[in-house]
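Below: one structure, written as structure tokens.
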Amino acid sequence: MKLLLRDVVKRYGGLHALDGLTLEIEDTNCLALIGPSGGGKSTTLRLVSGLEAPTSGCLLVDGEEIGNDFERRRQFRKQVGIVFQAYNLFPHMTALANVALPLEKVHGYPKADAIQKARSLFERFQLEDHMLKKPAELSGGQNQRVAIARAMAPDPDIIFLDEPTSALDPEMTVEVLDAIYSLIETDKRIVIATHQMGFAQRAADTVALIAEGKLVEAGSSNQVIENPQTIRGQKFLAACLDR
Amino acid sequence: MRFASLFLEPRNGDIANNRPLRKALSFLVAVLILSIVLFASFAALRYQWNWEAAFRYRLKFLEGWLTTLKISSVSFIFAFILGSLSTLCSRSRFLPIKYLASLYVELIRGTPLLVQIFLFYYVIADAANVQNRYVVGVAIMAIFSGAYISEILRAAIEGVGKSQLLSAKSIGFSEYQTFRYVIAPQALRSSLPALAGQTANLIKDSSLLSIIAISEFTLNAQEVNAITYSSFESFFPLAIGYLIITLPIMRLSRYIEESLRYDT
């Protein structure tokens, strides 16, 4: 996928979440956004996934402008999948309905086909036993895998994941990371904001380090994580290794 | 100490200690205290009870009770429709509609029902040439209760978390689909306890319709009162008649509240 952000600014009230971010990624299958909390990587993800419009600046995904037009962003969101930190499943529906309903209502599948497709995804993620449970009855890791199933059900062009393991304990984190690895193996294209440096290095082919609302550096995952070129990057990665 | 512990609820809801007999005993004590206060009050009054006269008019009580039940149920249906409409309007991006809804809610909630009954009956219904006072009564109660229901629904809709809306957006739902599949089912469920409470209120408030001579429960009791020269013999059945409807509703409301607490 190709990604181009030029002088992107995003303000929430007085807060500058992004302060003139420029990022150009030529060709990547898995891009990881890393950086300190509050530095702007989640905001970047929300913009490139079409959830929100930038305050100013230019934003292209695969050569397609997805900036300010409300309807265009909705069309774009239909073509991609998004996974959130807090799963954001609908609590009043079963796990199966959470996955099948968008297929039926947004993507026009006949109801039986939608359910069939959702079922096969539950089998793939070893969630068959939990299909008819509500999100409140599932663990965090199970919920997040349901959320991943929901995001990938309509065969999206790209899947965006916003810190998908940050709310999980280490064992559940492994569960969810395994599910993400399996997405990458099936050649799904992925953009992921994450604090898991090990995962970013292994799974991503490109890494962008974002801090204080700007791009610090970007490049191949090995290069950025092992050998950061900027002082800000060295400081951040040293802090990550300390843990 | 052991005696006092008979009446104490276990500190951490310990199920082993949760004995139904002890609960019944405490409940009896509460009833006893209430009865003593009541009996003492009436003893001081030296009231001559005359239940026979009131009993002769038992059918009148029943008719009134049934009328109250009917008026309340029909009113509730219209109140719910009106309340839902008002809530939808208050979320409209077309400002005149939005302000109309908020004016409706604020004016109705800010004025006494009694004033509204007089205004509606003597001015609006008269101007609109509506003769049937029962229609007027139902309209008044629906308009009155609708404003409260509107607020209940608005709060419930706003209670649906931002993350849910973001999620609906992310899967490509349109605004209508978001409302239909995400907001409405959750808001309706979470507003059920408050709606049940509002129903009980509506039933009690409908007693004020007696002032425009609608022969519902309260007016009929007042008439028995006047005919038999008694007073408390008709007010007691009146209170009990309302309790027969409102207690189960309040119980239901409590039950829904409890059952919602466990699955978010």
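Residues in the structure tokens are numbered from 1 in each chain, the chains being A, B, ... in the order shown, and ligands are numbered from 1 in the order shown.
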Per residue of chain B within 12 Å of chain A, what are the shortest atom pair and its distance in Å to one decimal, counting only C-alpha atoms, with rows by chain and residue number, as CSV?
residue,atom,partner,partner_atom,distance
B:Val160,CA,A:Phe90,CA,10.3
B:Gly161,CA,A:Asn88,CA,9.5
B:Lys162,CA,A:Asn88,CA,9.5
B:Ser163,CA,A:Asn88,CA,5.9
B:Gln164,CA,A:Asn88,CA,6.0
B:Leu165,CA,A:Asn88,CA,9.0
B:Leu166,CA,A:Leu51,CA,7.8
B:Ser167,CA,A:Asn88,CA,5.8
B:Ala168,CA,A:Phe90,CA,8.7
B:Lys169,CA,A:Leu51,CA,7.1
B:Ser170,CA,A:Ile82,CA,6.0
B:Ile171,CA,A:Lys78,CA,6.3
B:Gly172,CA,A:Lys78,CA,4.9
B:Phe173,CA,A:Val106,CA,6.4
B:Ser174,CA,A:Arg74,CA,8.2
B:Glu175,CA,A:Arg74,CA,10.7
B:Tyr176,CA,A:Lys105,CA,11.3
B:Gln177,CA,A:Lys105,CA,8.0
B:Thr178,CA,A:Lys105,CA,10.6
B:Arg180,CA,A:Lys105,CA,11.1
B:Tyr181,CA,A:Leu101,CA,8.9
B:Val182,CA,A:Phe90,CA,7.1
B:Ile183,CA,A:Phe90,CA,9.9
B:Ala184,CA,A:His92,CA,10.8
B:Pro185,CA,A:His92,CA,7.7
B:Gln186,CA,A:His92,CA,6.7
B:Ala187,CA,A:His92,CA,10.4
B:Leu188,CA,A:His92,CA,11.3
B:Arg189,CA,A:His92,CA,9.4
B:Ser190,CA,A:His92,CA,10.9
B:Leu260,CA,A:His92,CA,11.0
B:Arg261,CA,A:Ala136,CA,11.7
B:Tyr262,CA,A:Ala136,CA,9.2
B:Asp263,CA,A:Ala136,CA,6.5
B:Thr264,CA,A:Pro91,CA,6.4
Using N, CA and C atoms, can you write the selected residues to a file as a short mmCIF file (atom, residue, chain, number, x, y, z; two decimals), in the first residue's frame?
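The new file result.cif reads:
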data_model
loop_
_atom_site.label_atom_id
_atom_site.label_comp_id
_atom_site.auth_asym_id
_atom_site.auth_seq_id
_atom_site.Cartn_x
_atom_site.Cartn_y
_atom_site.Cartn_z
N VAL B 160 -25.53 5.97 25.50
CA VAL B 160 -24.84 4.99 24.65
C VAL B 160 -23.45 5.52 24.35
N GLY B 161 -22.44 4.74 24.71
CA GLY B 161 -21.07 5.24 24.74
C GLY B 161 -20.55 5.74 23.40
N LYS B 162 -19.64 6.71 23.48
CA LYS B 162 -19.00 7.24 22.29
C LYS B 162 -18.29 6.15 21.51
N SER B 163 -17.72 5.18 22.23
CA SER B 163 -16.96 4.13 21.55
C SER B 163 -17.87 3.30 20.65
N GLN B 164 -19.14 3.17 21.05
CA GLN B 164 -20.11 2.44 20.23
C GLN B 164 -20.35 3.17 18.92
N LEU B 165 -20.43 4.49 19.02
CA LEU B 165 -20.70 5.28 17.83
C LEU B 165 -19.51 5.23 16.88
N LEU B 166 -18.32 5.28 17.47
CA LEU B 166 -17.10 5.19 16.68
C LEU B 166 -17.05 3.85 15.96
N SER B 167 -17.43 2.81 16.71
CA SER B 167 -17.43 1.47 16.17
C SER B 167 -18.42 1.35 15.01
N ALA B 168 -19.61 1.92 15.18
CA ALA B 168 -20.62 1.89 14.13
C ALA B 168 -20.09 2.60 12.88
N LYS B 169 -19.40 3.71 13.13
CA LYS B 169 -18.81 4.47 12.05
C LYS B 169 -17.77 3.61 11.32
N SER B 170 -16.97 2.89 12.11
CA SER B 170 -15.86 2.15 11.52
C SER B 170 -16.34 1.02 10.62
N ILE B 171 -17.50 0.44 10.91
CA ILE B 171 -17.96 -0.65 10.05
C ILE B 171 -18.82 -0.12 8.91
N GLY B 172 -18.94 1.20 8.81
CA GLY B 172 -19.59 1.79 7.65
C GLY B 172 -21.09 1.95 7.78
N PHE B 173 -21.62 1.88 9.00
CA PHE B 173 -23.04 2.11 9.18
C PHE B 173 -23.39 3.56 8.81
N SER B 174 -24.57 3.73 8.19
CA SER B 174 -25.07 5.08 7.97
C SER B 174 -25.66 5.59 9.28
N GLU B 175 -26.03 6.87 9.30
CA GLU B 175 -26.60 7.41 10.54
C GLU B 175 -27.87 6.66 10.93
N TYR B 176 -28.69 6.36 9.91
CA TYR B 176 -29.91 5.63 10.22
C TYR B 176 -29.59 4.23 10.77
N GLN B 177 -28.67 3.53 10.13
CA GLN B 177 -28.31 2.19 10.60
C GLN B 177 -27.74 2.23 12.02
N THR B 178 -26.92 3.26 12.29
CA THR B 178 -26.36 3.40 13.63
C THR B 178 -27.48 3.55 14.66
N ARG B 180 -30.68 2.65 14.26
CA ARG B 180 -31.56 1.49 14.26
C ARG B 180 -30.94 0.27 14.97
N TYR B 181 -29.65 0.02 14.71
CA TYR B 181 -29.06 -1.22 15.22
C TYR B 181 -28.20 -1.04 16.46
N VAL B 182 -27.74 0.19 16.71
CA VAL B 182 -26.83 0.38 17.84
C VAL B 182 -27.47 1.21 18.94
N ILE B 183 -27.94 2.41 18.59
CA ILE B 183 -28.43 3.32 19.64
C ILE B 183 -29.78 2.88 20.19
N ALA B 184 -30.77 2.69 19.29
CA ALA B 184 -32.13 2.45 19.76
C ALA B 184 -32.26 1.20 20.66
N PRO B 185 -31.72 0.04 20.28
CA PRO B 185 -31.93 -1.13 21.14
C PRO B 185 -31.32 -0.95 22.53
N GLN B 186 -30.13 -0.32 22.57
CA GLN B 186 -29.48 -0.15 23.87
C GLN B 186 -30.18 0.91 24.71
N ALA B 187 -30.57 2.02 24.06
CA ALA B 187 -31.21 3.10 24.79
C ALA B 187 -32.56 2.65 25.35
N LEU B 188 -33.29 1.88 24.54
CA LEU B 188 -34.60 1.43 24.98
C LEU B 188 -34.47 0.54 26.21
N ARG B 189 -33.50 -0.35 26.16
CA ARG B 189 -33.29 -1.25 27.29
C ARG B 189 -32.91 -0.49 28.55
N SER B 190 -31.96 0.44 28.40
CA SER B 190 -31.48 1.12 29.60
C SER B 190 -32.52 2.10 30.13
N LEU B 260 -30.53 -5.62 34.52
CA LEU B 260 -29.66 -4.92 33.58
C LEU B 260 -28.28 -4.71 34.16
N ARG B 261 -28.21 -4.67 35.50
CA ARG B 261 -26.94 -4.37 36.12
C ARG B 261 -25.89 -5.44 35.80
N TYR B 262 -26.36 -6.68 35.57
CA TYR B 262 -25.39 -7.76 35.43
C TYR B 262 -24.86 -7.95 34.03
N ASP B 263 -25.58 -7.52 33.02
CA ASP B 263 -24.93 -7.60 31.70
C ASP B 263 -24.89 -6.23 31.04
N THR B 264 -23.68 -5.77 30.88
CA THR B 264 -23.51 -4.45 30.28
C THR B 264 -23.44 -4.59 28.76
#
Contacts of stretch 51-65 of chain B at 8 Å or less, counting only C-alpha atoms, minus same-chain residues fewer than 4 places along, as an mmCIF file with N, CA and C atoms, in the first residue's frame?
data_model
loop_
_atom_site.group_PDB
_atom_site.id
_atom_site.type_symbol
_atom_site.label_atom_id
_atom_site.label_comp_id
_atom_site.auth_asym_id
_atom_site.auth_seq_id
_atom_site.Cartn_x
_atom_site.Cartn_y
_atom_site.Cartn_z
ATOM 1 N N LEU B 69 -57.423 3.025 34.786
ATOM 2 C CA LEU B 69 -56.544 2.081 34.108
ATOM 3 C C LEU B 69 -56.568 2.317 32.596
ATOM 4 N N SER B 215 -64.855 10.979 35.134
ATOM 5 C CA SER B 215 -65.116 10.108 36.285
ATOM 6 C C SER B 215 -64.145 8.945 36.342
ATOM 7 N N GLU B 216 -62.922 9.289 36.698
ATOM 8 C CA GLU B 216 -61.928 8.259 36.953
ATOM 9 C C GLU B 216 -61.978 7.911 38.443
ATOM 10 N N PHE B 217 -60.990 7.193 38.883
ATOM 11 C CA PHE B 217 -60.996 6.639 40.231
ATOM 12 C C PHE B 217 -61.186 7.702 41.327
ATOM 13 N N THR B 218 -60.393 8.747 41.263
ATOM 14 C CA THR B 218 -60.424 9.756 42.323
ATOM 15 C C THR B 218 -61.766 10.489 42.368
ATOM 16 N N LEU B 219 -62.279 10.874 41.208
ATOM 17 C CA LEU B 219 -63.556 11.586 41.193
ATOM 18 C C LEU B 219 -64.667 10.701 41.756
ATOM 19 N N ASN B 220 -64.663 9.432 41.351
ATOM 20 C CA ASN B 220 -65.696 8.521 41.866
ATOM 21 C C ASN B 220 -65.608 8.366 43.379
ATOM 22 N N ALA B 221 -64.382 8.308 43.881
ATOM 23 C CA ALA B 221 -64.228 8.205 45.331
ATOM 24 C C ALA B 221 -64.751 9.457 46.013
ATOM 25 N N VAL B 224 -68.538 9.221 46.110
ATOM 26 C CA VAL B 224 -68.996 8.331 47.190
ATOM 27 C C VAL B 224 -68.912 9.060 48.514
ATOM 28 N N ASN B 225 -67.831 9.738 48.663
ATOM 29 C CA ASN B 225 -67.591 10.558 49.827
ATOM 30 C C ASN B 225 -68.746 11.519 50.091
ATOM 31 N N THR B 228 -72.199 9.572 50.818
ATOM 32 C CA THR B 228 -72.329 8.822 52.073
ATOM 33 C C THR B 228 -71.941 9.646 53.299
ATOM 34 N N SER B 230 -69.208 10.193 54.300
ATOM 35 C CA SER B 230 -68.034 9.607 54.954
ATOM 36 C C SER B 230 -66.824 10.321 54.369
ATOM 37 N N GLU B 233 -63.514 6.364 54.547
ATOM 38 C CA GLU B 233 -63.934 5.083 53.986
ATOM 39 C C GLU B 233 -63.797 5.062 52.476
ATOM 40 N N SER B 234 -63.782 6.230 51.825
ATOM 41 C CA SER B 234 -63.560 6.200 50.385
ATOM 42 C C SER B 234 -62.104 6.490 50.021
ATOM 43 N N LEU B 238 -59.298 4.169 47.830
ATOM 44 C CA LEU B 238 -58.662 4.917 46.753
ATOM 45 C C LEU B 238 -57.150 4.664 46.754
ATOM 46 N N GLY B 241 -56.429 1.119 45.814
ATOM 47 C CA GLY B 241 -56.652 0.907 44.385
ATOM 48 C C GLY B 241 -55.465 1.356 43.547
#
What lies within 8 Å of A:Ala200 using only C-alpha atoms, ignoring chain neighbours under 6 positions off, as a ChimeraX atom specification?
/A:32,194,207,221
| said: Which of stretch 42-185 of chain A end up as strand (DSSP E) when DSSP is run on this backbone - answer as a list in words? | reply: Ser56, Gly57, Cys58, Leu59, Leu60, Val61, Glu64, Glu65, Val80, Gly81, Ile82, Val83, Ile158, Ile159, Phe160, Leu161 and Asp162 of chain A
_Neighbour list for A:Glu24 as a ChimeraX atom specification, cut-off 9 Å, only C-alpha atoms, skip fewer than 5 positions in-chain_ = /A:2-6,218
Restricted to N, CA and C atoms, what would the selected residues look like written as an mmCIF file, in the first residue's frame?
data_model
loop_
_atom_site.group_PDB
_atom_site.id
_atom_site.type_symbol
_atom_site.label_atom_id
_atom_site.label_comp_id
_atom_site.auth_asym_id
_atom_site.auth_seq_id
_atom_site.Cartn_x
_atom_site.Cartn_y
_atom_site.Cartn_z
ATOM 1 N N LYS A 2 0.299 2.299 -0.530
ATOM 2 C CA LYS A 2 1.014 3.579 -0.557
ATOM 3 C C LYS A 2 0.306 4.556 0.368
ATOM 4 N N LEU A 3 1.109 5.309 1.086
ATOM 5 C CA LEU A 3 0.517 6.225 2.058
ATOM 6 C C LEU A 3 1.205 7.568 1.931
ATOM 7 N N LEU A 4 0.408 8.610 1.822
ATOM 8 C CA LEU A 4 1.032 9.930 1.745
ATOM 9 C C LEU A 4 0.280 10.919 2.635
ATOM 10 N N LEU A 5 0.976 11.467 3.608
ATOM 11 C CA LEU A 5 0.393 12.507 4.455
ATOM 12 C C LEU A 5 1.278 13.738 4.323
ATOM 13 N N ARG A 6 0.667 14.879 4.017
ATOM 14 C CA ARG A 6 1.505 16.066 3.882
ATOM 15 C C ARG A 6 0.971 17.199 4.746
ATOM 16 N N ALA A 218 11.060 7.421 9.815
ATOM 17 C CA ALA A 218 10.368 6.282 9.237
ATOM 18 C C ALA A 218 11.360 5.501 8.405
#
For A:Asn222, please output as number ranges by chain all residues within 10 Å (counting only C-alpha atoms; exclusion window: fewer than 5 positions along the same chain).
A: 200-202, 204-207, 227-228
Kindly export the residues of the current selection with all heavy atoms, as a compact mmCIF listing (two decimals), in the first residue's frame.
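File produced: selection25.txt:
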# COMPACT_ATOMS: atom_id res chain seq x y z
N ALA A 200 6.41 -5.23 16.47
CA ALA A 200 6.58 -4.28 15.36
C ALA A 200 7.78 -4.69 14.52
O ALA A 200 7.73 -4.68 13.28
CB ALA A 200 6.75 -2.87 15.90
N GLN A 201 8.86 -5.08 15.18
CA GLN A 201 10.08 -5.42 14.45
C GLN A 201 9.89 -6.69 13.62
O GLN A 201 10.32 -6.77 12.48
CB GLN A 201 11.24 -5.59 15.42
CG GLN A 201 12.58 -5.64 14.71
CD GLN A 201 13.74 -5.62 15.68
OE1 GLN A 201 13.55 -5.58 16.90
NE2 GLN A 201 14.95 -5.65 15.14
N ARG A 202 9.22 -7.67 14.22
CA ARG A 202 9.07 -8.94 13.52
C ARG A 202 8.00 -8.88 12.42
O ARG A 202 8.20 -9.39 11.33
CB ARG A 202 8.69 -10.05 14.52
CG ARG A 202 9.86 -10.98 14.82
CD ARG A 202 9.51 -11.88 15.98
NE ARG A 202 9.43 -11.06 17.19
CZ ARG A 202 8.60 -11.29 18.19
NH1 ARG A 202 7.75 -12.26 18.15
NH2 ARG A 202 8.59 -10.51 19.25
N ALA A 204 6.16 -6.07 11.13
CA ALA A 204 6.03 -4.95 10.19
C ALA A 204 7.23 -4.89 9.26
O ALA A 204 8.34 -5.24 9.65
CB ALA A 204 5.91 -3.65 10.98
N ASP A 205 6.98 -4.48 8.02
CA ASP A 205 8.15 -4.24 7.19
C ASP A 205 8.54 -2.76 7.22
O ASP A 205 9.68 -2.42 6.92
CB ASP A 205 7.97 -4.75 5.75
CG ASP A 205 6.57 -4.57 5.23
OD1 ASP A 205 6.02 -3.48 5.44
OD2 ASP A 205 6.04 -5.51 4.65
N THR A 206 7.61 -1.91 7.60
CA THR A 206 7.94 -0.49 7.73
C THR A 206 7.48 0.02 9.09
O THR A 206 6.44 -0.40 9.58
CB THR A 206 7.22 0.34 6.63
OG1 THR A 206 7.36 -0.36 5.39
CG2 THR A 206 7.80 1.73 6.52
N VAL A 207 8.27 0.92 9.66
CA VAL A 207 7.89 1.49 10.95
C VAL A 207 7.99 3.01 10.85
O VAL A 207 8.92 3.55 10.25
CB VAL A 207 8.83 0.98 12.07
CG1 VAL A 207 8.67 1.82 13.33
CG2 VAL A 207 8.55 -0.48 12.39
N ASN A 227 18.33 0.82 15.01
CA ASN A 227 19.35 1.83 14.77
C ASN A 227 18.72 3.18 14.41
O ASN A 227 18.88 3.68 13.30
CB ASN A 227 20.24 1.32 13.62
CG ASN A 227 21.48 2.15 13.50
OD1 ASN A 227 21.82 2.93 14.40
ND2 ASN A 227 22.17 2.02 12.36
N PRO A 228 18.00 3.76 15.36
CA PRO A 228 17.31 5.02 15.06
C PRO A 228 18.32 6.13 14.77
O PRO A 228 19.37 6.19 15.41
CB PRO A 228 16.52 5.30 16.34
CG PRO A 228 17.16 4.47 17.40
CD PRO A 228 17.75 3.28 16.72
Worksheet item: Counting only C-alpha atoms, what is within 6 Å of A:Ile190, bar same-chain residues fewer than 5 positions away, as a ChimeraX atom specification?
Response: /A:30,158-160
Save out the residues we just selected, N, CA, C and O atoms, as an mmCIF file, in the first residue's frame.
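Result file follows (part.cif):
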data_model
loop_
_atom_site.group_PDB
_atom_site.id
_atom_site.type_symbol
_atom_site.label_atom_id
_atom_site.label_comp_id
_atom_site.auth_asym_id
_atom_site.auth_seq_id
_atom_site.Cartn_x
_atom_site.Cartn_y
_atom_site.Cartn_z
ATOM 1 N N CYS A 30 2.865 -4.173 5.787
ATOM 2 C CA CYS A 30 2.518 -3.981 7.189
ATOM 3 C C CYS A 30 3.294 -2.807 7.743
ATOM 4 O O CYS A 30 4.520 -2.843 7.838
ATOM 5 N N ILE A 158 -7.527 -2.934 3.480
ATOM 6 C CA ILE A 158 -6.519 -2.695 4.513
ATOM 7 C C ILE A 158 -7.200 -2.880 5.874
ATOM 8 O O ILE A 158 -8.379 -2.553 6.018
ATOM 9 N N ILE A 159 -6.445 -3.390 6.856
ATOM 10 C CA ILE A 159 -6.985 -3.419 8.219
ATOM 11 C C ILE A 159 -6.148 -2.491 9.097
ATOM 12 O O ILE A 159 -4.915 -2.562 9.108
ATOM 13 N N PHE A 160 -6.849 -1.599 9.797
ATOM 14 C CA PHE A 160 -6.192 -0.674 10.715
ATOM 15 C C PHE A 160 -6.413 -1.144 12.138
ATOM 16 O O PHE A 160 -7.546 -1.441 12.528
#
